[in-house]
>>> print(open('structure32.csv').read())   # CSV, C-alpha atoms
chain,number,residue,atom,x,y,z
R,1,TYR,CA,89.2,48.7,59.5
R,2,GLN,CA,88.4,45.0,59.1
R,3,ARG,CA,90.4,41.9,59.7
R,4,ARG,CA,89.6,38.2,59.2
R,5,VAL,CA,90.3,36.2,62.3
R,6,HIS,CA,90.9,32.4,62.1
R,7,GLY,CA,90.0,30.1,65.0
R,8,ASP,CA,90.1,26.4,65.6
R,9,ASP,CA,86.9,24.5,66.4
R,10,ASN,CA,88.9,21.7,68.1
R,11,ASP,CA,89.5,22.5,71.8
R,12,ASP,CA,89.4,20.7,75.1
R,13,ASN,CA,85.6,21.0,75.3
R,14,VAL,CA,84.8,19.8,71.8
R,15,PRO,CA,85.4,16.1,70.9
R,16,SER,CA,87.7,15.8,67.9
R,17,LYS,CA,86.5,13.7,64.9
R,18,GLY,CA,89.8,13.7,63.2
R,19,VAL,CA,89.0,16.7,61.1
R,20,ASN,CA,90.6,20.1,61.9
R,21,LYS,CA,87.7,22.4,61.1
R,22,LYS,CA,88.5,26.1,61.0
R,23,LYS,CA,86.0,28.9,61.4
R,24,GLU,CA,86.4,32.5,60.4
R,25,ALA,CA,85.0,35.7,61.8
R,26,TRP,CA,85.2,39.3,60.7
R,27,VAL,CA,86.4,41.7,63.4
R,28,THR,CA,85.7,45.4,62.7
R,29,TRP,CA,87.5,48.3,64.4
R,30,GLY,CA,85.7,51.6,64.2
R,31,ASP,CA,85.6,55.1,65.5
R,32,LEU,CA,83.6,55.2,68.8
R,33,THR,CA,82.6,58.8,68.6
R,34,ILE,CA,79.0,58.1,67.7
R,35,PRO,CA,78.5,55.1,70.0
R,36,LYS,CA,79.9,57.2,73.0
R,37,ILE,CA,77.5,60.0,72.2
R,38,TYR,CA,74.6,57.6,71.9
R,39,SER,CA,75.5,55.7,75.0
R,40,ALA,CA,75.3,59.0,77.1
R,41,SER,CA,72.2,60.3,75.4
R,42,GLU,CA,68.6,60.4,76.7
R,43,ILE,CA,67.5,58.5,73.5
R,44,SER,CA,69.6,55.5,74.4
R,45,ALA,CA,68.1,55.4,77.9
R,46,LYS,CA,64.6,55.3,76.3
R,47,GLN,CA,65.5,52.7,73.6
R,48,LEU,CA,67.7,50.5,75.7
R,49,PRO,CA,66.6,51.1,79.3
R,50,ASP,CA,68.0,47.8,80.7
R,51,ALA,CA,71.4,47.9,78.8
R,52,SER,CA,74.6,49.0,80.4
R,53,PRO,CA,76.5,52.0,78.9
R,54,LEU,CA,79.1,49.6,77.4
R,55,LEU,CA,76.4,47.4,75.8
R,56,ARG,CA,74.7,50.5,74.4
R,57,MET,CA,78.0,51.5,72.8
R,58,ALA,CA,78.4,48.0,71.3
R,59,ILE,CA,74.8,48.1,69.9
R,60,SER,CA,75.3,51.6,68.5
R,61,GLN,CA,78.6,50.5,66.9
R,62,ALA,CA,76.9,47.5,65.2
R,63,ARG,CA,74.1,49.8,63.9
R,64,LEU,CA,76.6,52.3,62.7
R,65,LYS,CA,78.3,49.6,60.7
R,66,GLN,CA,75.0,48.5,59.1
R,67,ASP,CA,73.4,51.9,58.5
R,68,ALA,CA,75.6,54.9,59.4
R,69,LEU,CA,73.1,57.5,58.3
R,70,SER,CA,70.3,56.2,60.4
R,71,GLU,CA,72.4,55.8,63.5
R,72,ILE,CA,73.8,59.3,63.2
R,73,LEU,CA,70.3,60.7,62.8
R,74,ASN,CA,69.1,58.6,65.8
R,75,LEU,CA,71.0,61.2,67.8
R,76,TRP,CA,68.9,64.1,66.5
R,77,SER,CA,66.6,66.0,68.8
R,78,GLN,CA,64.4,69.1,68.2
R,79,ASP,CA,65.8,70.4,71.5
R,80,GLU,CA,69.2,71.8,70.8
R,81,ASN,CA,70.3,71.2,74.4
R,82,THR,CA,69.8,67.4,73.9
R,83,ASN,CA,70.6,67.2,70.2
R,84,GLY,CA,73.5,64.7,70.1
R,85,ILE,CA,74.6,65.8,66.6
R,86,PHE,CA,76.1,68.9,68.2
R,87,SER,CA,78.4,66.7,70.2
R,88,MET,CA,80.1,65.6,67.0
R,89,ALA,CA,83.3,67.4,66.2
R,90,LEU,CA,82.6,68.4,62.6
R,91,HIS,CA,84.9,71.5,62.5
R,92,PRO,CA,87.5,73.2,64.7
R,93,LEU,CA,85.5,76.4,64.7
R,94,GLN,CA,82.1,74.7,65.2
R,95,ARG,CA,81.4,76.1,68.6
R,96,LEU,CA,81.7,79.7,67.2
R,97,ALA,CA,78.8,79.1,64.8
R,98,ASN,CA,75.3,80.3,65.7
R,99,PRO,CA,73.6,77.1,67.1
R,100,LYS,CA,70.4,77.7,65.1
R,101,ALA,CA,72.2,78.4,61.9
R,102,LEU,CA,74.3,75.2,62.4
R,103,GLU,CA,71.1,73.2,63.2
R,104,ASN,CA,69.5,74.4,60.0
R,105,ALA,CA,72.5,73.6,57.9
R,106,LEU,CA,72.8,70.1,59.4
R,107,GLU,CA,69.1,69.5,58.9
R,108,GLN,CA,69.4,70.5,55.2
R,109,VAL,CA,72.2,68.1,54.7
R,110,ALA,CA,70.3,65.3,56.5
R,111,VAL,CA,67.2,65.9,54.3
R,112,GLU,CA,69.4,65.7,51.2
R,113,CYS,CA,71.1,62.5,52.3
R,114,VAL,CA,67.9,60.7,53.4
R,115,ASN,CA,66.1,61.5,50.2
R,116,ASP,CA,69.1,60.5,48.2
R,117,VAL,CA,69.1,56.9,49.6
R,118,GLY,CA,65.4,56.6,50.5
R,119,VAL,CA,63.8,54.9,53.5
R,120,ASP,CA,62.4,51.4,53.9
R,121,ILE,CA,59.1,52.1,55.6
R,122,ASN,CA,58.6,48.6,56.8
R,123,ARG,CA,62.0,48.5,58.4
R,124,ILE,CA,61.3,51.7,60.2
R,125,ILE,CA,58.2,50.2,61.8
R,126,GLU,CA,60.1,47.1,62.9
R,127,HIS,CA,63.1,48.9,64.3
R,128,PRO,CA,62.4,52.0,66.5
R,129,HIS,CA,66.0,53.3,66.2
R,130,LEU,CA,65.3,54.0,62.5
R,131,GLU,CA,62.3,56.2,63.1
R,132,LYS,CA,64.2,59.5,63.1
R,133,THR,CA,65.0,59.1,59.4
R,134,LEU,CA,61.3,59.4,58.4
R,135,SER,CA,61.3,63.0,59.8
R,136,PHE,CA,63.8,64.0,57.1
R,137,VAL,CA,61.8,62.8,54.1
R,138,CYS,CA,60.6,65.6,51.9
R,139,GLY,CA,57.1,66.7,53.1
R,140,PHE,CA,57.5,65.2,56.5
R,141,GLY,CA,58.6,66.5,59.9
R,142,PRO,CA,58.7,65.1,63.4
R,143,ARG,CA,55.0,65.4,64.1
R,144,LYS,CA,53.8,63.9,60.7
R,145,ALA,CA,56.4,61.2,61.0
R,146,GLN,CA,55.2,60.1,64.4
R,147,ASP,CA,51.5,60.1,63.2
R,148,VAL,CA,52.4,57.9,60.2
R,149,ILE,CA,54.4,55.5,62.4
R,150,ALA,CA,51.6,55.2,64.9
R,151,SER,CA,49.1,54.5,62.2
R,152,MET,CA,51.3,52.0,60.5
R,153,LYS,CA,52.0,50.1,63.7
R,154,LYS,CA,48.2,49.6,63.9
R,155,LYS,CA,47.8,48.7,60.3
R,156,GLY,CA,50.9,46.4,59.9
R,157,LYS,CA,53.5,46.1,57.1
R,158,LEU,CA,52.9,47.4,53.6
R,159,THR,CA,53.2,45.2,50.5
R,160,VAL,CA,53.1,48.1,48.0
R,161,ARG,CA,53.7,51.8,48.2
R,162,ALA,CA,50.2,52.6,47.0
R,163,GLU,CA,48.9,51.5,50.4
R,164,LEU,CA,50.4,54.6,51.9
R,165,ILE,CA,47.6,56.7,50.4
R,166,GLY,CA,44.9,54.6,52.0
R,167,SER,CA,43.9,54.1,55.6
R,168,LEU,CA,44.5,57.8,56.3
R,169,LEU,CA,48.3,57.3,56.3
R,170,LEU,CA,49.0,60.0,53.7
R,171,GLY,CA,47.0,62.6,51.9
R,172,THR,CA,47.1,62.9,48.1
R,173,ILE,CA,49.4,65.9,48.0
R,174,LEU,CA,51.9,64.6,50.6
R,175,TYR,CA,51.8,61.2,48.9
R,176,LYS,CA,52.8,62.8,45.6
R,177,ASN,CA,55.6,64.7,47.2
R,178,CYS,CA,57.2,61.9,49.1
R,179,ILE,CA,56.4,58.6,47.5
R,180,GLY,CA,59.5,58.6,45.4
R,181,PHE,CA,61.6,58.4,48.5
R,182,PHE,CA,59.9,55.4,50.1
R,183,LYS,CA,60.9,51.8,49.6
R,184,VAL,CA,58.7,48.8,50.3
R,185,LYS,CA,60.6,45.5,50.1
R,186,PRO,CA,58.3,42.5,49.7
R,187,ASP,CA,58.8,39.5,52.0
R,188,ASP,CA,58.1,36.8,49.4
R,189,LYS,CA,57.7,36.1,45.6
R,190,GLU,CA,54.0,36.6,45.6
R,191,GLU,CA,54.4,40.1,47.0
R,192,VAL,CA,57.1,40.9,44.4
R,193,HIS,CA,54.6,40.1,41.6
R,194,ALA,CA,51.9,42.1,43.3
R,195,GLN,CA,54.2,45.1,43.5
R,196,LEU,CA,55.3,44.7,39.9
R,197,ASP,CA,51.6,44.7,38.8
R,198,GLN,CA,51.1,48.1,40.4
R,199,PRO,CA,50.9,51.0,37.8
>>> encode(input="structure32.csv", output="structure tokens")
Amino acid sequence: YQRRVHGDDNDDNVPSKGVNKKKEAWVTWGDLTIPKIYSASEISAKQLPDASPLLRMAISQARLKQDALSEILNLWSQDENTNGIFSMALHPLQRLANPKALENALEQVAVECVNDVGVDINRIIEHPHLEKTLSFVCGFGPRKAQDVIASMKKKGKLTVRAELIGSLLLGTILYKNCIGFFKVKPDDKEEVHAQLDQP
């Protein structure tokens, strides 16, 4: 739920120039289920070690607003005991389901959603909380995703997707399987033209 809030720039601490300037801000109300799970998780302690639980919740809520899929998958863990996804109330009978079967079903849905929207590989390198999404790209998994992320952090940002097949980032077969799900957004006009010139 969103609401536009109006405020007055003129107060006791700001000298008035005879003009009543108004400023507006969007205030967003949202469900705190995901932020609460994140705030109490081990992953939040690793990503935001100096932040208080309340600040972690606020950051998670902002991320959820910007990219809900990535923030939800940020809760994912290969260890079912620490997998934050299981803390989400998805169905009244959820706890009666076999944990492994539930994990497999959720993983399949995650793969479908991630590959449907694609991933911006440069954003993943810049923002560690987005790294989990790479694991759900077709042809990837946690180990391969971490290897590619580590290699890209050494190499730097990409300008075209074709660079993924070089520098030992991806093999030919994996490149063909997953390249359709990657996005590389150029930073300037020169890079846009360079990407358009690629076959």
>>> residues_around(input="structure32.csv", residues="range 139-155 of chain R", least_positions_apart="2", cutoff="10 Å", atoms="only C-alpha atoms", output="PyMOL selection string")
chain R and resi 77-78+111+121-122+124-126+128+131-137+157-158+164+167-170+173-179
>>> residues_around(input="structure32.csv", residues="Leu64 in chain R", least_positions_apart="4", cutoff="10 Å", atoms="only C-alpha atoms", output="list in words")
Gly30, Asp31, Leu32, Ile34, Pro35, Ala58, Ile59, Ser60, Ala68, Leu69, Ser70, Glu71 and Ile72 of chain R
>>> atom_distance(input="structure32.csv", atom1="CA of Pro53 in chain R", atom2="CA of Ser39 in chain R")
5.5 Å
